[in-house]
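Next comes entry24.cif, a file with mmCIF, C-alpha atoms and all ligand atoms.
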data_input
loop_
_atom_site.label_atom_id
_atom_site.label_comp_id
_atom_site.auth_asym_id
_atom_site.auth_seq_id
_atom_site.Cartn_x
_atom_site.Cartn_y
_atom_site.Cartn_z
CA ARG A 1 9.02 75.76 -48.97
CA GLN A 2 12.22 73.74 -48.65
CA PRO A 3 14.29 74.32 -51.79
CA GLU A 4 15.67 70.76 -51.89
CA ILE A 5 12.15 69.26 -51.94
CA PRO A 6 9.95 69.48 -55.07
CA HIS A 7 7.12 71.97 -54.69
CA ILE A 8 3.68 71.82 -56.35
CA VAL A 9 1.27 74.77 -56.59
CA PHE A 10 -2.43 73.93 -56.91
CA LEU A 11 -4.56 76.61 -58.57
CA PHE A 12 -8.14 76.43 -57.36
CA SER A 13 -10.96 78.69 -56.27
CA ASP A 14 -13.84 78.38 -53.84
CA THR A 15 -16.42 78.71 -56.58
CA GLY A 16 -18.52 75.81 -55.30
CA GLY A 17 -16.94 73.13 -53.15
CA GLY A 18 -15.55 70.78 -55.78
CA HIS A 19 -12.30 72.53 -56.71
CA ARG A 20 -11.15 72.75 -53.10
CA SER A 21 -12.18 69.15 -52.36
CA ALA A 22 -10.31 67.87 -55.41
CA SER A 23 -7.07 69.72 -54.51
CA GLU A 24 -7.27 68.58 -50.91
CA ALA A 25 -7.87 64.98 -51.97
CA ILE A 26 -4.80 65.01 -54.23
CA ILE A 27 -2.64 66.62 -51.53
CA GLU A 28 -3.80 64.04 -49.02
CA ALA A 29 -2.96 61.25 -51.49
CA ILE A 30 0.51 62.73 -52.09
CA GLU A 31 1.13 62.72 -48.33
CA LEU A 32 -0.05 59.11 -48.08
CA GLU A 33 1.97 57.87 -51.04
CA PHE A 34 5.08 60.07 -50.69
CA PRO A 35 5.21 61.34 -47.09
CA ASN A 36 7.41 64.41 -46.63
CA GLN A 37 8.87 64.09 -50.12
CA ILE A 38 6.91 66.88 -51.80
CA THR A 39 5.73 70.27 -50.55
CA TYR A 40 2.64 71.97 -51.91
CA GLU A 41 0.35 74.95 -51.53
CA MET A 42 -3.13 75.82 -52.70
CA VAL A 43 -3.62 79.25 -54.27
CA ASP A 44 -7.06 80.73 -54.81
CA LEU A 45 -6.21 82.59 -57.98
CA PHE A 46 -9.44 84.58 -58.01
CA ARG A 47 -9.50 85.64 -54.38
CA ASP A 48 -5.78 86.25 -53.92
CA TYR A 49 -4.68 87.53 -57.32
CA ALA A 50 -7.45 88.54 -59.71
CA PRO A 51 -8.20 92.26 -60.08
CA PRO A 52 -11.67 93.43 -58.97
CA PRO A 53 -14.39 92.37 -59.58
CA LEU A 54 -12.92 88.96 -60.53
CA ASN A 55 -11.46 88.61 -57.04
CA LYS A 56 -15.05 88.39 -55.81
CA ALA A 57 -15.75 85.29 -57.96
CA PRO A 58 -16.21 82.99 -54.92
CA GLU A 59 -18.85 85.41 -53.59
CA ILE A 60 -20.43 86.07 -56.99
CA TYR A 61 -20.70 82.38 -57.92
CA PRO A 62 -23.51 81.32 -55.54
CA PRO A 63 -26.00 84.11 -56.43
CA LEU A 64 -25.14 83.85 -60.12
CA SER A 65 -25.63 80.11 -60.11
CA ARG A 66 -29.13 80.68 -58.74
CA ILE A 67 -30.14 82.28 -62.06
CA PRO A 68 -30.10 79.12 -64.21
CA ALA A 69 -31.08 80.85 -67.45
CA ALA A 70 -28.20 83.33 -67.17
CA TRP A 71 -25.75 80.62 -66.20
CA SER A 72 -26.83 78.37 -69.04
CA PHE A 73 -26.59 81.25 -71.54
CA GLY A 74 -23.09 82.15 -70.36
CA TYR A 75 -22.00 78.52 -70.46
CA ARG A 76 -23.23 77.95 -74.02
CA GLN A 77 -21.93 81.26 -75.33
CA THR A 78 -18.40 80.56 -74.13
CA ASN A 79 -18.16 76.84 -74.78
CA SER A 80 -15.79 76.68 -77.75
CA PRO A 81 -11.99 76.90 -78.01
CA ARG A 82 -12.26 79.95 -80.28
CA ARG A 83 -14.49 81.85 -77.86
CA ILE A 84 -12.28 80.95 -74.92
CA ARG A 85 -9.29 82.29 -76.88
CA ASN A 86 -11.17 85.51 -77.68
CA ILE A 87 -12.29 86.01 -74.07
CA ASN A 88 -8.76 85.46 -72.83
CA ASN A 89 -7.39 87.87 -75.42
CA VAL A 90 -9.80 90.57 -74.31
CA ALA A 91 -9.14 89.92 -70.62
CA TRP A 92 -5.36 89.59 -70.97
CA PRO A 93 -4.31 93.27 -70.62
CA TYR A 94 -6.48 93.45 -67.54
CA ILE A 95 -5.29 90.26 -65.80
CA ARG A 96 -1.72 89.82 -67.00
CA ARG A 97 -0.05 91.71 -64.12
CA SER A 98 -1.89 89.57 -61.59
CA ILE A 99 -0.89 86.34 -63.29
CA TYR A 100 2.77 87.39 -63.53
CA ARG A 101 2.70 88.37 -59.85
CA LEU A 102 1.27 84.95 -59.00
CA MET A 103 4.11 83.24 -60.87
CA GLU A 104 6.73 85.43 -59.16
CA GLU A 105 5.35 84.82 -55.69
CA HIS A 106 4.87 81.06 -56.04
CA PRO A 107 7.91 79.54 -57.70
CA CYS A 108 7.44 75.79 -58.03
CA ASP A 109 8.35 72.63 -59.90
CA LEU A 110 4.84 71.89 -61.12
CA ILE A 111 1.58 73.81 -61.47
CA VAL A 112 -1.65 71.86 -61.16
CA SER A 113 -4.87 73.59 -62.15
CA VAL A 114 -8.16 72.21 -60.86
CA HIS A 115 -10.21 75.12 -62.20
CA PRO A 116 -11.37 75.69 -65.79
CA LEU A 117 -10.71 79.43 -65.82
CA MET A 118 -7.08 79.24 -64.75
CA ASN A 119 -5.65 77.21 -67.60
CA THR A 120 -5.30 79.53 -70.58
CA PRO A 121 -4.17 82.69 -68.71
CA VAL A 122 -1.52 80.84 -66.73
CA LEU A 123 -0.31 78.78 -69.69
CA ARG A 124 0.04 81.99 -71.66
CA THR A 125 2.30 83.36 -68.93
CA LEU A 126 4.34 80.16 -68.90
CA ARG A 127 5.23 80.49 -72.56
CA ASN A 128 8.82 81.46 -71.81
CA ARG A 129 9.25 79.38 -68.67
CA ARG A 130 9.81 75.73 -68.09
CA ASN A 131 7.27 74.99 -65.35
CA PRO A 132 5.32 71.88 -66.23
CA PHE A 133 1.56 72.35 -66.03
CA ILE A 134 -1.07 69.67 -65.46
CA THR A 135 -4.83 70.20 -65.48
CA VAL A 136 -7.05 67.99 -63.36
CA VAL A 137 -10.58 68.35 -64.71
CA THR A 138 -13.13 68.37 -61.89
CA ASP A 139 -16.23 68.32 -64.07
CA MET A 140 -17.43 64.89 -64.95
CA VAL A 141 -19.06 64.71 -68.35
CA SER A 142 -20.13 68.09 -69.79
CA THR A 143 -16.63 69.50 -69.59
CA HIS A 144 -16.36 73.11 -70.76
CA ALA A 145 -13.89 74.11 -73.48
CA ALA A 146 -12.00 76.28 -70.95
CA TRP A 147 -10.62 73.12 -69.30
CA TYR A 148 -8.69 72.18 -72.45
CA ASP A 149 -5.55 74.00 -73.57
CA ASN A 150 -3.05 72.13 -75.69
CA ARG A 151 -0.15 73.93 -73.99
CA ALA A 152 -0.80 71.88 -70.83
CA ASP A 153 1.60 68.96 -70.45
CA LEU A 154 -1.19 66.64 -69.39
CA ILE A 155 -4.94 66.86 -68.84
CA ILE A 156 -6.36 64.34 -66.36
CA VAL A 157 -10.09 63.70 -66.75
CA PRO A 158 -12.68 61.70 -64.80
CA THR A 159 -14.53 59.89 -67.63
CA ASN A 160 -14.11 58.70 -71.21
CA ILE A 161 -16.68 61.25 -72.32
CA ALA A 162 -14.55 64.04 -70.84
CA ARG A 163 -11.61 62.67 -72.84
CA GLU A 164 -13.62 62.62 -76.06
CA ASN A 165 -14.72 66.21 -75.42
CA GLY A 166 -11.08 67.23 -75.11
CA ILE A 167 -10.15 65.53 -78.37
CA GLU A 168 -13.07 67.28 -80.06
CA PHE A 169 -11.79 70.60 -78.67
CA GLY A 170 -8.46 69.91 -80.40
CA ILE A 171 -6.29 68.37 -77.67
CA ASP A 172 -3.70 65.73 -78.68
CA PRO A 173 -5.21 62.40 -77.57
CA GLU A 174 -1.98 61.32 -75.87
CA LYS A 175 -2.19 64.37 -73.61
CA ILE A 176 -5.51 63.34 -72.04
CA LYS A 177 -5.64 60.59 -69.46
CA VAL A 178 -8.79 59.14 -67.89
CA VAL A 179 -8.15 58.55 -64.19
CA GLY A 180 -11.28 59.56 -62.25
CA LEU A 181 -12.25 62.42 -59.97
CA PRO A 182 -9.99 62.72 -56.91
CA VAL A 183 -11.89 62.03 -53.71
CA ALA A 184 -10.75 62.21 -50.05
CA ASP A 185 -9.09 59.01 -48.84
CA LYS A 186 -11.53 58.53 -46.01
CA PHE A 187 -14.35 57.76 -48.49
CA CYS A 188 -12.27 54.82 -49.68
CA HIS A 189 -11.29 53.40 -46.28
CA MET A 190 -14.17 53.70 -43.85
CA LYS A 191 -13.21 52.06 -40.58
CA GLU A 192 -16.29 52.78 -38.51
CA ASP A 193 -19.62 51.11 -39.18
CA SER A 194 -22.79 53.11 -39.93
CA GLN A 195 -24.44 52.53 -36.58
CA GLU A 196 -21.36 53.65 -34.66
CA ILE A 197 -21.18 56.83 -36.70
CA ARG A 198 -24.89 57.53 -36.16
CA GLN A 199 -24.51 57.11 -32.42
CA ARG A 200 -21.51 59.42 -32.39
CA LEU A 201 -23.41 62.03 -34.41
CA GLY A 202 -26.56 61.72 -32.34
CA TRP A 203 -28.69 60.55 -35.30
CA PRO A 204 -31.55 58.05 -34.92
CA THR A 205 -30.22 54.50 -35.24
CA ASP A 206 -33.54 52.82 -35.99
CA LEU A 207 -34.63 54.75 -39.11
CA PRO A 208 -33.30 55.01 -42.67
CA VAL A 209 -31.44 58.30 -43.10
CA ILE A 210 -31.94 60.62 -46.09
CA LEU A 211 -28.98 62.94 -46.68
CA LEU A 212 -29.83 66.18 -48.52
CA ILE A 213 -26.96 68.22 -49.99
CA GLY A 214 -26.83 71.24 -52.31
CA GLY A 215 -23.09 71.28 -53.08
CA GLY A 216 -20.66 73.44 -51.14
CA GLU A 217 -22.98 76.45 -51.29
CA GLY A 218 -26.34 74.87 -50.40
CA MET A 219 -27.61 75.33 -53.94
CA GLY A 220 -30.71 74.26 -55.86
CA PRO A 221 -34.23 74.28 -54.36
CA LEU A 222 -32.90 72.63 -51.21
CA GLU A 223 -35.36 74.25 -48.82
CA LYS A 224 -38.41 73.41 -50.94
CA THR A 225 -37.19 69.83 -51.29
CA ALA A 226 -36.60 69.52 -47.53
CA HIS A 227 -40.13 70.78 -46.83
CA ALA A 228 -41.64 68.34 -49.34
CA ILE A 229 -39.79 65.43 -47.72
CA ASN A 230 -40.96 66.60 -44.31
CA ASP A 231 -44.58 66.92 -45.46
CA ALA A 232 -44.58 63.38 -46.90
CA HIS A 233 -44.45 61.82 -43.39
CA LEU A 234 -41.85 59.25 -44.41
CA ASN A 235 -40.67 56.75 -41.88
CA ALA A 236 -37.14 58.11 -42.04
CA ALA A 237 -34.77 60.70 -40.62
CA LEU A 238 -33.50 63.67 -42.63
CA VAL A 239 -30.03 65.19 -42.51
CA ILE A 240 -29.62 68.50 -44.33
CA ILE A 241 -26.30 70.09 -45.32
CA ALA A 242 -26.76 73.79 -46.01
CA GLY A 243 -23.07 74.22 -46.92
CA ARG A 244 -21.83 77.81 -46.79
CA ASN A 245 -25.37 79.15 -47.20
CA ARG A 246 -25.87 80.63 -43.68
CA ASP A 247 -29.26 82.21 -44.36
CA LEU A 248 -30.57 78.87 -45.53
CA LYS A 249 -29.22 77.15 -42.43
CA ASP A 250 -30.89 79.75 -40.17
CA ARG A 251 -34.22 79.33 -41.91
CA LEU A 252 -34.05 75.54 -41.76
CA GLU A 253 -33.24 75.66 -38.05
CA LYS A 254 -36.31 77.78 -37.36
CA HIS A 255 -38.66 75.44 -39.23
CA ASN A 256 -41.03 73.20 -37.34
CA TRP A 257 -40.16 69.67 -38.52
CA ASN A 258 -42.36 66.64 -38.10
CA MET A 259 -39.61 64.07 -38.61
CA PRO A 260 -36.17 63.73 -36.99
CA VAL A 261 -34.08 66.37 -38.75
CA THR A 262 -30.41 67.28 -38.26
CA ILE A 263 -29.09 70.44 -39.92
CA TYR A 264 -25.46 71.27 -40.60
CA GLY A 265 -23.66 74.17 -42.26
CA PHE A 266 -20.45 73.42 -44.17
CA VAL A 267 -19.22 70.08 -42.83
CA LYS A 268 -15.75 68.62 -42.79
CA ASN A 269 -16.86 65.03 -42.20
CA MET A 270 -18.72 64.21 -45.40
CA PRO A 271 -17.32 60.63 -45.56
CA ASP A 272 -18.93 59.89 -42.17
CA LEU A 273 -22.22 61.47 -43.16
CA MET A 274 -22.40 59.51 -46.40
CA GLN A 275 -21.35 56.25 -44.76
CA ALA A 276 -24.08 56.65 -42.11
CA SER A 277 -26.88 57.50 -44.59
CA ASN A 278 -29.10 55.29 -46.75
CA VAL A 279 -30.11 57.65 -49.59
CA LEU A 280 -28.56 60.80 -50.99
CA VAL A 281 -30.63 63.65 -52.41
CA THR A 282 -28.25 66.10 -54.06
CA LYS A 283 -27.55 68.72 -56.67
CA ALA A 284 -25.68 67.04 -59.54
CA GLY A 285 -22.23 68.18 -58.39
CA PRO A 286 -19.41 65.98 -59.71
CA GLY A 287 -17.60 65.78 -56.36
CA THR A 288 -20.66 64.76 -54.40
CA ILE A 289 -21.67 62.19 -57.05
CA SER A 290 -18.20 60.62 -57.11
CA GLU A 291 -18.09 60.46 -53.33
CA ALA A 292 -21.56 58.89 -53.15
CA CYS A 293 -20.56 56.26 -55.72
CA ILE A 294 -17.59 55.24 -53.60
CA ALA A 295 -19.80 55.21 -50.49
CA GLY A 296 -22.35 53.04 -52.37
CA LEU A 297 -25.08 55.58 -51.63
CA PRO A 298 -28.04 55.56 -54.05
CA ILE A 299 -28.52 59.00 -55.57
CA ILE A 300 -31.55 61.18 -56.25
CA LEU A 301 -30.51 64.23 -58.26
CA TYR A 302 -32.88 67.11 -57.53
CA SER A 303 -31.14 69.92 -59.41
CA LYS A 304 -28.20 70.67 -61.66
CA MET A 305 -26.20 73.65 -62.79
CA PRO A 306 -27.28 74.02 -66.42
CA GLY A 307 -24.45 73.34 -68.83
CA GLN A 308 -21.68 71.99 -66.69
CA GLU A 309 -23.80 69.47 -64.79
CA ASP A 310 -26.18 68.37 -67.58
CA GLY A 311 -24.02 65.39 -68.49
CA ASN A 312 -23.70 64.29 -64.86
CA VAL A 313 -27.42 63.63 -64.73
CA ASP A 314 -27.37 61.47 -67.89
CA TYR A 315 -24.30 59.64 -66.61
CA VAL A 316 -25.82 58.77 -63.23
CA VAL A 317 -29.17 57.77 -64.74
CA ASN A 318 -27.69 55.74 -67.62
CA GLU A 319 -25.38 53.86 -65.27
CA GLY A 320 -28.32 53.02 -62.98
CA ALA A 321 -26.63 54.81 -60.05
CA GLY A 322 -29.56 57.12 -59.39
CA VAL A 323 -32.58 58.97 -60.68
CA TRP A 324 -33.31 62.49 -61.93
CA ALA A 325 -36.11 64.08 -59.90
CA PRO A 326 -36.22 67.81 -60.69
CA GLU A 327 -39.46 68.45 -58.77
CA PRO A 328 -39.83 67.96 -54.99
CA GLU A 329 -42.80 65.62 -55.61
CA MET A 330 -40.58 63.41 -57.76
CA VAL A 331 -37.99 63.29 -54.99
CA VAL A 332 -40.68 62.26 -52.53
CA GLN A 333 -42.08 59.60 -54.90
CA THR A 334 -38.64 58.07 -55.38
CA LEU A 335 -37.99 58.11 -51.64
CA GLN A 336 -41.33 56.42 -50.99
CA LYS A 337 -40.50 53.73 -53.55
CA TRP A 338 -36.98 53.15 -52.24
CA LEU A 339 -38.12 53.03 -48.62
CA ARG A 340 -40.90 50.59 -49.51
CA GLU A 341 -38.67 48.37 -51.67
CA PRO A 342 -35.16 48.42 -50.25
CA GLU A 343 -33.91 46.00 -52.93
CA LEU A 344 -34.33 48.82 -55.49
CA ARG A 345 -32.07 50.91 -53.29
CA TRP A 346 -29.52 48.12 -53.05
CA GLN A 347 -29.48 47.62 -56.83
CA THR A 348 -28.84 51.32 -57.26
CA ALA A 349 -26.13 51.21 -54.61
CA SER A 350 -24.29 48.42 -56.42
CA ALA A 351 -24.46 50.38 -59.69
CA CYS A 352 -22.84 53.27 -57.78
CA ARG A 353 -19.99 51.02 -56.62
CA ARG A 354 -19.51 49.72 -60.15
CA ILE A 355 -18.72 53.20 -61.54
CA ALA A 356 -16.76 54.38 -58.49
CA ARG A 357 -13.07 55.19 -58.94
CA PRO A 358 -11.69 55.15 -55.41
CA GLN A 359 -8.07 55.00 -56.59
CA ALA A 360 -8.21 58.23 -58.59
CA ALA A 361 -6.58 60.55 -56.04
CA ARG A 362 -3.69 58.16 -55.43
CA GLU A 363 -3.18 57.57 -59.14
CA ILE A 364 -3.11 61.33 -59.75
CA ALA A 365 -0.67 61.73 -56.86
CA ARG A 366 1.67 59.22 -58.50
CA ILE A 367 1.45 60.99 -61.87
CA LEU A 368 2.25 64.38 -60.27
CA ALA A 369 5.06 62.94 -58.17
CA ALA A 370 6.66 61.29 -61.20
CA ARG A 371 6.50 64.65 -62.95
CA VAL A 372 8.63 66.21 -60.17
CA GLY A 373 11.03 63.26 -60.14
CA ILE A 374 9.66 61.27 -57.19
CA THR A 375 8.71 57.64 -57.73
CA HIS A 376 8.02 54.73 -55.42
CA PRO A 377 11.03 52.52 -54.75
CA GLU A 378 10.31 49.16 -56.43
N1 LIG A 401 -18.77 69.56 -49.25
C1 LIG A 401 -18.22 69.54 -47.99
N2 LIG A 401 -18.95 70.06 -46.98
C2 LIG A 401 -20.18 70.58 -47.17
C3 LIG A 401 -20.75 70.59 -48.46
C4 LIG A 401 -20.01 70.06 -49.49
O1 LIG A 401 -17.10 69.06 -47.77
O2 LIG A 401 -20.77 71.02 -46.20
C5 LIG A 401 -17.96 69.00 -50.33
C6 LIG A 401 -18.54 67.75 -50.96
O3 LIG A 401 -18.21 66.61 -50.19
C7 LIG A 401 -17.89 67.79 -52.33
C8 LIG A 401 -17.80 69.29 -52.61
O4 LIG A 401 -17.91 69.96 -51.37
O5 LIG A 401 -16.58 67.27 -52.27
C9 LIG A 401 -18.91 69.77 -53.51
O6 LIG A 401 -18.49 69.54 -54.79
P1 LIG A 401 -19.48 69.30 -55.99
O7 LIG A 401 -18.62 69.07 -57.19
O8 LIG A 401 -20.44 68.22 -55.66
O9 LIG A 401 -20.34 70.62 -56.10
P2 LIG A 401 -19.95 72.19 -56.15
O10 LIG A 401 -20.17 72.72 -54.78
O11 LIG A 401 -18.50 72.28 -56.58
O12 LIG A 401 -20.88 72.79 -57.15
#

Representation of the structure as C-alpha cells:
Amino acid sequence: RQPEIPHIVFLFSDTGGGHRSASEAIIEAIELEFPNQITYEMVDLFRDYAPPPLNKAPEIYPPLSRIPAAWSFGYRQTNSPRRIRNINNVAWPYIRRSIYRLMEEHPCDLIVSVHPLMNTPVLRTLRNRRNPFITVVTDMVSTHAAWYDNRADLIIVPTNIARENGIEFGIDPEKIKVVGLPVADKFCHMKEDSQEIRQRLGWPTDLPVILLIGGGEGMGPLEKTAHAINDAHLNAALVIIAGRNRDLKDRLEKHNWNMPVTIYGFVKNMPDLMQASNVLVTKAGPGTISEACIAGLPIILYSKMPGQEDGNVDYVVNEGAGVWAPEPEMVVQTLQKWLREPELRWQTASACRRIARPQAAREIARILAARVGITHPE
C-alpha cells in the first residue's frame, strides 16, 4: 500500500460465489470512478485468519449447504440479534487473537465487510480504534441478523425489505441505505451482441440457449435438472456451469447428451454467458439473480438455500421476473411454455430489467470513496 493514498480492506470469504463477486464489483467500480486514487485489498477472514476448523469454512460450506434441513435449522436458530451476540460471546476467546492479528496486519482507512459473519467480531475489536466500518449486505431479502450490528457506521442493503429487516433487528434507520447489490460493470455495459458472443464461444447460433447455474459451487439438484432438460427433447441448446464442483463437471462431461450441451467449471465471463443466453435456470443466489435482472434474462429458480434465499424466491416471483420450479419436471414445463410462447419470456425479461439496479456498484464506490475523503471534482 502507498501510505499517501487511502486504503480500503474488504472482508469476504469464498463461502459461495457471491461475497467474492460483490467485493470485486465494488473494487472495479472504485477503479472506474476514482482511478489510482484508492488502494484496496480483499482478505478472506476465514481462510487466512480464523483458527481451525473455522479456516475451513470455504470447504465446509458446499457440503453443509447440501443438507438443507441442517442449514435451515442453523439459520433459524441463530437468526436474532440476541443469539448472534451470545454466539459471538462464546466464540470470542477462541477467535479474538486472530481478529486482532488481522487488524495489525491490514492497517487501513476503511473496512468494508461483505460477509455476515465478519461484522460483530471485527466491530468488537474496533471498539478502541477509529477505523470506519461499512457493511455491504450481499443477501437480498431474507437477510440474517448477523449482517446487522449498530456499531457499523453504515449498512448498505440491496432492497427495501432488507432495510426493514435491519430496523426490526434494532439498527438506527439512518444507518441503513438501500442501494442495490453490486454487480460487475460488464453486465451493465455489454458491447458485443449475443450472436457474436455465441460464435466466439462456439455455441449454436440458431437455437435458444438455456443457461443452468448452481451458484459458485454448482449447488442444488443441478445434475438431475440437466438430465430432465435433456430428456425433454427441447428445441434448444443447454449451457451448464458446474462452478467449483469438479466432480459434478466430470460427471456431466461423461454423460451422453441428446441436445447441444456446453459444460463449464467456474467461469470468469458470466456477463458474456448471460448476454448470449435466452433463459436462466438457477439456484436462488442473490448475485446471480441481480446479474440476470440487469442482463434481462428471464429466470427459473430451481432451488434455494433454505433461510437466506427464501425471500429471493418470493421477490423474483412477486416482481414477475421469474418462476419457482423446485422439481425438474416444473423446470421442463416452464421451459416448454417459454420456448413455445416467446412473448411470455419477453414479458418476464422486461420485469427483470424493471427491478435491476445496474448503478449499485458505482454508487457504493462513491459512498466508500467519500468516506476516505475522495470525491469527484464537480
Ligand atoms: N459465478 C461466477 N462463475 C461461476 C459461477 C458463479 O463468476 O462459474 C458468480 C456469479 O456470477 C455470481 C456468484 O458467482 O456473481 C454467485 O453468487 P450467488 O449470490 O448467486 O450465489 P452463491 O454462490 O454466493 O451462493

>> Please return as a ChimeraX atom specification the residues found within 8 Å of ligand LIG 401 (chain A), counting all atoms listed in the file.
In response: /A:15-22,138-139,183,213-219,241-244,264-271,283-289,291,305

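Taking only C-alpha atoms into account, Ile210 in chain A lies nearest to A:Ile299 out of the set A:Gly170, A:Ile299, A:Asn36, A:Leu181.
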
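Minimum distance to Val157 in chain A across A:Ile176, A:Leu222, A:Leu339, A:Leu211 (counting only C-alpha atoms) occurs at A:Ile176.
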
> Of the candidates A:Ile171, A:Met190, A:Ile156, A:Ala70, which shows the shortest atom-to-atom distance to Pro358 in chain A, using only C-alpha atoms?
Replying inline: A:Met190

>> What's around Pro173 in chain A at 12 Å? Count only C-alpha atoms, leave out sequence neighbours fewer than 2 positions away in its own chain, and write the answer as a PyMOL selection string.
In response: chain A and resi 148+150+153-157+160+162-171+175-178

>> Env of Cys188 in chain A: 12 Å cut, atoms = all atoms listed in the file, seq-sep filter 3 positions within chain, self excluded. Answer as a PyMOL selection string.
In response: chain A and resi 25+29+182-185+191+271-272+274-275+290-296+353+356-362

> In Å, how far is it from CA of Val43 in chain A to CA of Thr159 in chain A?
Replying inline: 25.9 Å

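Minimum atom-to-atom distances from A:Gly320, A:Pro132, A:Pro221, A:Pro158 to Gln347 in chain A were compared using all atoms listed in the file, and the lowest value belongs to A:Gly320.
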
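Closest approach to Glu104 in chain A from the set A:Asn235, A:Asn86, A:Asn318, A:Thr125 is made by A:Thr125, with distances taken over all atoms listed in the file.
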